[in-house]
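The structure under discussion appears below in the form of structure tokens.
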Amino acid sequence: MLSTKIEKALNAQIAMEGYASMNYLSMASWCDQEGMEGCARFLYRQSEEEREHMMRLVHYVNEADGKALIPAIKKPQMTYKSVQALFNAVYKSEQKVTAAINEIVALCYTEKDHATLNFMQWYVEEQREEEAMVRGILDRIKLIGGGPQSLYYVDKEVDKINKQLAAAEAAEPEA
Ligand code: FEO
């Protein structure tokens, strides 16, 4: 049984993850239109991941006898000034999500909800990984430069990450 406060916080997180999924989908689509296939592939994958994050929460809330609320779709930003601006926006979004996750974890302690605290540990680790990954991309963009001639190399670098992620996924044992 979830407390009202925890249920409300988890539903706010469902909305946040759902929005992140649509936001990354919009970013992926923009990269596709701009001919940055590696970045597009990366963001399509991130969009799927955010949907999975949302779904985990939906199932958890319903299984805990709460009511998962499916959020309305807010229109995300459609265009970006540069690929650097785009990944800065991804990083900001991830930092916002991390702060929200930390708030839920803190609430779990005050509400003495050990089951939700346990459930949220997966998100804590996931956020650490996602922030580090996006920081890595921003560092590479800084090294290569954000100008139009650098886009080809930025795209290749992001595609290397796609290959690493695909290899890590293939190596995972079947669930
Ligand atoms: Fe599910 Fe990247 O936050």
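Note on naming: chains are A, B, ... as they come in the structure tokens, residues start from 1 per chain, ligands start from 1 in the order shown.
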
Practice prompt. Name all residues at most 7 Å from range 67-71 of chain A (count only C-alpha atoms; drop same-chain ones fewer than 4 positions away) and give them as a list in words.
Written response: Asn11, Ala15, Val58, Val61 and Asn62 of chain A

Discussion item. So that I can see what lies close to range 85-89 of chain A, please list as a list in words the residues with an atom at most 8 Å from it, counting only C-alpha atoms and leaving out residues fewer than 2 positions away in the same chain.
Written reply: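 Final neighbour list, sorted by chain and number: Met27, Tyr80, Lys81, Ser82, Val83, Tyr91, Lys92, Ser93, Val134, Ile137 and Leu138 of chain A.
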
Selected residues written out with C-alpha atoms, as a JSON list (two decimals), in the first residue's frame:
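Contents of again-v4.json, as written:
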[["chain", "number", "residue", "atom", "x", "y", "z"],
["A", 27, "MET", "CA", 15.51, 15.46, -30.62],
["A", 80, "TYR", "CA", 17.89, 23.14, -31.92],
["A", 81, "LYS", "CA", 20.53, 25.78, -32.55],
["A", 82, "SER", "CA", 23.31, 23.18, -32.61],
["A", 83, "VAL", "CA", 24.13, 19.63, -31.61],
["A", 91, "TYR", "CA", 22.13, 16.90, -19.74],
["A", 92, "LYS", "CA", 19.87, 19.46, -18.05],
["A", 93, "SER", "CA", 16.92, 17.11, -18.44],
["A", 134, "VAL", "CA", 25.84, 12.52, -21.57],
["A", 137, "ILE", "CA", 29.31, 13.22, -25.14],
["A", 138, "LEU", "CA", 29.51, 16.90, -24.17]]

Worksheet item: At what distance in Å, to one decimal, does CA of Asp65 in chain A lie from CA of Ala9 in chain A?
Response: 15.0 Å

Item to complete: Please write out the residues within 8 Å of ligand 1 as a PyMOL selection string, counting only C-alpha atoms and all ligand atoms.
Response: chain A and resi 16-17+20+46+49-51+53-54+93-94+97-98+123+126-127+130-131

Worksheet entry | Test item: residues at most 9 Å from Thr116 in chain A, only C-alpha atoms, excluding those fewer than 6 positions along its chain, as a count of residues only | 6

Item to complete: Quick one: pick out all alpha helix (DSSP H) residues within range 59-140 of chain A from a backbone DSSP run and write them as a PyMOL selection string.
Response: chain A and resi 59-63+83-110+114-140

Worksheet entry | Near-Leu151 in chain A list (12 Å; only C-alpha atoms; drop same-chain fewer than 6 positions) as a ChimeraX atom specification | /A:31,34-39,82-84,140-142,144-145,157-158

Output all heavy atoms of each residue in that selection to a file, as a compact mmCIF listing (two decimals), in the first residue's frame.
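In the end it all went to again03.txt:
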# COMPACT_ATOMS: atom_id res chain seq x y z
N CYS A 31 17.68 15.37 -35.35
CA CYS A 31 18.99 14.88 -35.80
C CYS A 31 18.86 14.14 -37.12
O CYS A 31 19.70 14.30 -38.02
CB CYS A 31 19.61 13.97 -34.75
SG CYS A 31 20.17 14.84 -33.28
N GLU A 34 18.58 16.51 -39.86
CA GLU A 34 19.84 17.25 -40.08
C GLU A 34 20.95 16.33 -40.61
O GLU A 34 22.09 16.77 -40.74
CB GLU A 34 20.29 17.91 -38.78
CG GLU A 34 19.34 18.96 -38.24
CD GLU A 34 19.27 20.21 -39.10
OE1 GLU A 34 20.31 20.70 -39.54
OE2 GLU A 34 18.13 20.68 -39.36
N GLY A 35 20.63 15.06 -40.83
CA GLY A 35 21.63 14.13 -41.37
C GLY A 35 22.62 13.59 -40.36
O GLY A 35 23.66 13.05 -40.72
N MET A 36 22.29 13.72 -39.06
CA MET A 36 23.17 13.18 -38.03
C MET A 36 22.63 11.83 -37.57
O MET A 36 21.91 11.74 -36.57
CB MET A 36 23.28 14.17 -36.87
CG MET A 36 24.09 15.40 -37.24
SD MET A 36 24.17 16.58 -35.91
CE MET A 36 22.54 17.26 -35.93
N GLU A 37 22.98 10.82 -38.34
CA GLU A 37 22.37 9.50 -38.10
C GLU A 37 22.79 8.87 -36.78
O GLU A 37 22.01 8.20 -36.13
CB GLU A 37 22.73 8.56 -39.25
CG GLU A 37 21.98 8.89 -40.52
CD GLU A 37 22.46 8.09 -41.71
OE1 GLU A 37 23.16 7.08 -41.51
OE2 GLU A 37 22.12 8.50 -42.83
N GLY A 38 24.06 9.06 -36.43
CA GLY A 38 24.55 8.48 -35.17
C GLY A 38 23.83 9.09 -33.97
O GLY A 38 23.39 8.37 -33.07
N CYS A 39 23.70 10.41 -33.98
CA CYS A 39 23.00 11.10 -32.87
C CYS A 39 21.52 10.70 -32.86
O CYS A 39 20.94 10.50 -31.78
CB CYS A 39 23.12 12.61 -33.01
SG CYS A 39 24.79 13.22 -32.73
N SER A 82 22.12 23.98 -32.27
CA SER A 82 23.31 23.18 -32.61
C SER A 82 23.22 21.85 -31.88
O SER A 82 22.40 21.68 -30.98
CB SER A 82 24.57 23.91 -32.15
OG SER A 82 24.57 23.98 -30.73
N VAL A 83 24.12 20.93 -32.27
CA VAL A 83 24.13 19.63 -31.61
C VAL A 83 24.60 19.80 -30.16
O VAL A 83 24.16 19.07 -29.26
CB VAL A 83 24.97 18.62 -32.43
CG1 VAL A 83 26.46 18.87 -32.30
CG2 VAL A 83 24.64 17.20 -32.05
N GLN A 84 25.46 20.78 -29.93
CA GLN A 84 25.92 21.05 -28.56
C GLN A 84 24.75 21.55 -27.70
O GLN A 84 24.59 21.10 -26.56
CB GLN A 84 27.03 22.10 -28.59
CG GLN A 84 27.73 22.23 -27.26
CD GLN A 84 29.02 23.02 -27.37
OE1 GLN A 84 29.22 23.76 -28.32
NE2 GLN A 84 29.90 22.87 -26.40
N ARG A 140 33.29 15.31 -25.51
CA ARG A 140 33.80 15.03 -26.86
C ARG A 140 33.45 16.18 -27.81
O ARG A 140 34.26 16.57 -28.65
CB ARG A 140 33.21 13.73 -27.40
CG ARG A 140 33.86 12.51 -26.76
CD ARG A 140 33.26 11.24 -27.24
NE ARG A 140 33.23 10.28 -26.14
CZ ARG A 140 33.10 8.98 -26.28
NH1 ARG A 140 32.96 8.47 -27.48
NH2 ARG A 140 33.08 8.19 -25.25
N ILE A 141 32.24 16.70 -27.65
CA ILE A 141 31.85 17.83 -28.52
C ILE A 141 32.78 19.02 -28.26
O ILE A 141 33.22 19.68 -29.19
CB ILE A 141 30.36 18.22 -28.29
CG1 ILE A 141 29.45 17.08 -28.75
CG2 ILE A 141 30.01 19.51 -29.05
CD1 ILE A 141 27.97 17.29 -28.46
N LYS A 142 33.11 19.23 -27.00
CA LYS A 142 34.01 20.35 -26.67
C LYS A 142 35.38 20.15 -27.32
O LYS A 142 35.98 21.08 -27.84
CB LYS A 142 34.17 20.45 -25.14
CG LYS A 142 33.19 21.45 -24.55
CD LYS A 142 33.44 21.61 -23.06
CE LYS A 142 32.11 21.58 -22.32
NZ LYS A 142 32.19 20.99 -21.00
N ILE A 144 36.11 18.25 -30.01
CA ILE A 144 36.04 18.28 -31.48
C ILE A 144 35.66 19.68 -31.98
O ILE A 144 36.10 20.11 -33.03
CB ILE A 144 35.00 17.23 -31.99
CG1 ILE A 144 35.41 15.82 -31.56
CG2 ILE A 144 34.84 17.28 -33.50
CD1 ILE A 144 34.34 14.75 -31.78
N GLY A 145 34.84 20.36 -31.20
CA GLY A 145 34.33 21.67 -31.62
C GLY A 145 32.91 21.54 -32.13
O GLY A 145 32.55 20.49 -32.69
N GLU A 157 31.45 9.90 -33.28
CA GLU A 157 31.76 9.62 -31.87
C GLU A 157 30.52 9.09 -31.15
O GLU A 157 30.60 8.14 -30.39
CB GLU A 157 32.27 10.89 -31.16
CG GLU A 157 33.70 11.23 -31.48
CD GLU A 157 34.68 10.16 -31.03
OE1 GLU A 157 34.60 9.71 -29.89
OE2 GLU A 157 35.54 9.77 -31.86
N VAL A 158 29.38 9.73 -31.42
CA VAL A 158 28.14 9.29 -30.75
C VAL A 158 27.77 7.89 -31.27
O VAL A 158 27.29 7.04 -30.51
CB VAL A 158 27.00 10.31 -30.97
CG1 VAL A 158 25.68 9.79 -30.40
CG2 VAL A 158 27.34 11.64 -30.30

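Nearest to Gln33 in chain A of all the residues A:Lys5, A:Thr79, A:Ala99, A:Leu117 is A:Thr79, counting only C-alpha atoms.
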